[in-house]
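J.: Here you go, this is upload-v9.pdb (PDB, C-alpha atoms).
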```
ATOM      1  CA  MET U   1      -1.261  -0.241 -12.987
ATOM      2  CA  THR U   2      -1.787   3.470 -12.691
ATOM      3  CA  ASN U   3       0.633   6.173 -13.772
ATOM      4  CA  PRO U   4       2.289   8.182 -10.977
ATOM      5  CA  PRO U   5       0.130  11.103  -9.884
ATOM      6  CA  ARG U   6       0.468  14.707 -10.921
ATOM      7  CA  ASP U   7      -1.210  15.902  -7.718
ATOM      8  CA  PRO U   8       0.785  16.597  -4.545
ATOM      9  CA  VAL U   9       1.617  13.371  -2.686
ATOM     10  CA  THR U  10       1.112  12.889   1.070
ATOM     11  CA  HIS U  11       3.405  10.583   3.066
ATOM     12  CA  ALA U  12       3.006   9.256   6.615
ATOM     13  CA  PRO U  13       6.007   9.440   8.954
ATOM     14  CA  TYR U  14       8.608   6.763   8.183
ATOM     15  CA  ASN U  15       7.572   3.306   9.488
ATOM     16  CA  ARG U  16       4.138   4.661  10.453
ATOM     17  CA  GLU U  17       2.464   4.140   7.086
ATOM     18  CA  PRO U  18      -1.117   2.833   7.214
ATOM     19  CA  TYR U  19      -1.839  -0.793   6.343
ATOM     20  CA  VAL U  20      -4.036  -1.448   3.314
ATOM     21  CA  ARG U  21      -5.619  -4.260   1.341
ATOM     22  CA  ALA U  22      -5.388  -3.728  -2.412
ATOM     23  CA  THR U  23      -6.755  -5.492  -5.462
ATOM     24  CA  LEU U  24      -4.238  -5.675  -8.306
ATOM     25  CA  ASP U  25      -5.160  -5.458 -11.997
ATOM     26  CA  ASP U  26      -5.207  -9.276 -12.288
ATOM     27  CA  GLY U  27      -7.634  -9.603  -9.344
ATOM     28  CA  THR U  28      -4.988 -10.688  -6.831
ATOM     29  CA  VAL U  29      -5.548  -9.226  -3.357
ATOM     30  CA  VAL U  30      -2.470  -8.115  -1.412
ATOM     31  CA  ASP U  31      -1.950  -6.683   2.060
ATOM     32  CA  GLY U  32       0.671  -3.993   2.396
ATOM     33  CA  LYS U  33       1.234  -0.382   3.331
ATOM     34  CA  ALA U  34       0.247   2.926   1.754
ATOM     35  CA  ILE U  35       3.593   4.673   1.320
ATOM     36  CA  GLY U  36       2.121   7.686  -0.467
ATOM     37  CA  TRP U  37      -1.259   8.936  -1.622
ATOM     38  CA  THR U  38      -3.257  11.650  -3.298
ATOM     39  CA  ARG U  39      -7.031  12.159  -3.359
ATOM     40  CA  HIS U  40      -7.347   9.598  -6.162
ATOM     41  CA  GLN U  41      -4.307   7.304  -6.025
ATOM     42  CA  VAL U  42      -2.325   5.254  -3.518
ATOM     43  CA  ASP U  43       1.277   4.035  -3.750
ATOM     44  CA  VAL U  44       1.051   0.527  -2.245
ATOM     45  CA  LYS U  45       4.059  -1.451  -0.976
ATOM     46  CA  TRP U  46       3.743  -5.190  -0.317
ATOM     47  CA  ARG U  47       5.845  -8.308   0.038
ATOM     48  CA  THR U  48       5.241 -11.500  -1.957
ATOM     49  CA  PRO U  49       5.578 -14.981  -0.399
ATOM     50  CA  ASP U  50       9.004 -15.357  -2.053
ATOM     51  CA  GLY U  51      10.222 -12.269  -0.170
ATOM     52  CA  LYS U  52      10.211  -9.720  -2.985
ATOM     53  CA  ILE U  53       9.031  -6.188  -2.232
ATOM     54  CA  HIS U  54       6.801  -4.466  -4.784
ATOM     55  CA  THR U  55       5.383  -0.963  -5.049
ATOM     56  CA  GLN U  56       2.668   0.232  -7.390
ATOM     57  CA  TRP U  57       0.521   3.325  -7.808
ATOM     58  CA  MET U  58      -3.139   2.278  -7.838
ATOM     59  CA  ASP U  59      -6.487   4.001  -8.111
ATOM     60  CA  ALA U  60      -7.793   4.603  -4.586
ATOM     61  CA  GLU U  61     -11.018   2.723  -5.344
ATOM     62  CA  HIS U  62      -8.972  -0.514  -5.336
ATOM     63  CA  VAL U  63      -7.388   0.121  -1.931
ATOM     64  CA  GLN U  64      -8.969  -0.278   1.515
ATOM     65  CA  ARG U  65      -7.376   0.734   4.800
ATOM     66  CA  ILE U  66      -7.088  -2.109   7.354
ATOM     67  CA  ASN U  67      -5.667  -2.547  10.846
ATOM     68  CA  ARG U  68      -2.174  -3.982  11.220
ATOM     69  CA  SER U  69      -3.706  -6.980  13.022
ATOM     70  CA  GLU U  70      -5.809  -7.754   9.897
ATOM     71  CA  SER U  71      -2.849  -7.698   7.514
ATOM     72  CA  ALA U  72      -1.350 -10.906   6.147
ATOM     73  CA  TRP U  73       2.031  -9.095   6.087
ATOM     74  CA  ASN U  74       3.434  -6.971   8.895
ATOM     75  CA  ASP U  75       6.407  -4.719   8.288
ATOM     76  CA  PRO U  76       9.094  -5.781  10.802
ATOM     77  CA  TYR U  77      10.359  -2.187  11.012
ATOM     78  CA  ASP U  78       7.090  -0.649  12.248
ATOM     79  CA  GLU U  79       7.247   1.674  15.202
ATOM     80  CA  PRO U  80       5.644   0.031  18.260
TER      81      PRO U  80
END
```
Could you write out this structure as structure tokens?
T.:
Amino acid sequence: MTNPPRDPVTHAPYNREPYVRATLDDGTVVDGKAIGWTRHQVDVKWRTPDGKIHTQWMDAEHVQRINRSESAWNDPYDEP
């Protein structure tokens, strides 16, 4: 887990956040959305199989942008 950034944070418009694939500290790979980012960090939001929502700041090197169609989880509130 990475501490929240000190740099200015960029946010996409609500429900238009980009989809990402992220590798957690324990090696688990999750698909979710980038809800905020800086040059070096990404705030990733994802849902676990039991329905819980998690968010975590991560180093950008552990996060890859993907298409919505590639994501194992799709946010039901996305704009069409």
J.: Can you work out which one of U:Asp7, U:Trp73, U:Thr28, U:Tyr14 has the shortest atom-to-atom distance to Gly51 (chain U), counting all atoms listed in the file?
T.: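 Residue with the minimum atom-to-atom distance to Gly51 (chain U): U:Trp73.
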J.: Fewer than 5 positions away in the same chain doesn't count, so skip those; otherwise give me all residues within 6 Å of Val20 (chain U), counting all atoms listed in the file, as number ranges by chain.
T.: U: 31-33, 64-66
J.: Pull out every residue that the PyMOL selection byres ((chain U and resi 30) around 12) matches in the shown coordinates and put them as a ChimeraX atom specification.
T.: /U:19-29,31-34,44-49,53-56,62-66,70-74
J.: Output C-alpha atoms for every residue in the selection just made, as a CSV table (one decimal), in the frame of the given file.
T.:
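This went into out-v9.csv:
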```csv
chain,number,residue,atom,x,y,z
U,19,TYR,CA,-1.8,-0.8,6.3
U,20,VAL,CA,-4.0,-1.4,3.3
U,21,ARG,CA,-5.6,-4.3,1.3
U,22,ALA,CA,-5.4,-3.7,-2.4
U,23,THR,CA,-6.8,-5.5,-5.5
U,24,LEU,CA,-4.2,-5.7,-8.3
U,25,ASP,CA,-5.2,-5.5,-12.0
U,26,ASP,CA,-5.2,-9.3,-12.3
U,27,GLY,CA,-7.6,-9.6,-9.3
U,28,THR,CA,-5.0,-10.7,-6.8
U,29,VAL,CA,-5.5,-9.2,-3.4
U,31,ASP,CA,-2.0,-6.7,2.1
U,32,GLY,CA,0.7,-4.0,2.4
U,33,LYS,CA,1.2,-0.4,3.3
U,34,ALA,CA,0.2,2.9,1.8
U,44,VAL,CA,1.1,0.5,-2.2
U,45,LYS,CA,4.1,-1.5,-1.0
U,46,TRP,CA,3.7,-5.2,-0.3
U,47,ARG,CA,5.8,-8.3,0.0
U,48,THR,CA,5.2,-11.5,-2.0
U,49,PRO,CA,5.6,-15.0,-0.4
U,53,ILE,CA,9.0,-6.2,-2.2
U,54,HIS,CA,6.8,-4.5,-4.8
U,55,THR,CA,5.4,-1.0,-5.0
U,56,GLN,CA,2.7,0.2,-7.4
U,62,HIS,CA,-9.0,-0.5,-5.3
U,63,VAL,CA,-7.4,0.1,-1.9
U,64,GLN,CA,-9.0,-0.3,1.5
U,65,ARG,CA,-7.4,0.7,4.8
U,66,ILE,CA,-7.1,-2.1,7.4
U,70,GLU,CA,-5.8,-7.8,9.9
U,71,SER,CA,-2.8,-7.7,7.5
U,72,ALA,CA,-1.4,-10.9,6.1
U,73,TRP,CA,2.0,-9.1,6.1
U,74,ASN,CA,3.4,-7.0,8.9
```
J.: For CA of Asn67 (chain U) and CA of Asn3 (chain U), quote the distance in Å rounded to one decimal.
T.: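 Spanning CA of Asn67 (chain U) to CA of Asn3 (chain U) is a straight-line distance of 26.9 Å.
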J.: Just give me the residues with any atom within 12 Å of (3.7, 9.4, 10.8), file coordinates, counting all atoms listed in the file, written as a VMD selection string.
T.: chain U and resid 10 to 18 34 to 36 78 to 79
J.: Which residues, named as in the file, does the PyMOL selection byres ((chain U and resi 42) around 7) pick out? Answer as a PDB file with C-alpha atoms, in the frame of the given file.
T.:
```pdb
ATOM      1  CA  ALA U  34       0.247   2.926   1.754  1.00  0.00           C
ATOM      2  CA  GLY U  36       2.121   7.686  -0.467  1.00  0.00           C
ATOM      3  CA  TRP U  37      -1.259   8.936  -1.622  1.00  0.00           C
ATOM      4  CA  THR U  38      -3.257  11.650  -3.298  1.00  0.00           C
ATOM      5  CA  GLN U  41      -4.307   7.304  -6.025  1.00  0.00           C
ATOM      6  CA  ASP U  43       1.277   4.035  -3.750  1.00  0.00           C
ATOM      7  CA  VAL U  44       1.051   0.527  -2.245  1.00  0.00           C
ATOM      8  CA  TRP U  57       0.521   3.325  -7.808  1.00  0.00           C
ATOM      9  CA  MET U  58      -3.139   2.278  -7.838  1.00  0.00           C
ATOM     10  CA  ASP U  59      -6.487   4.001  -8.111  1.00  0.00           C
ATOM     11  CA  ALA U  60      -7.793   4.603  -4.586  1.00  0.00           C
TER      12      ALA U  60
END
```
J.: Hey, could you pull the box centre and edge lengths for region 57-66 of chain U, axis-aligned, 8 Å padding per side, all listed atoms, to one decimal in Å, as lines of an AutoDock Vina configuration file?
T.:
```
center_x = -5.2
center_y = 1.2
center_z = -0.4
size_x = 27.5
size_y = 22.7
size_z = 31.5
```
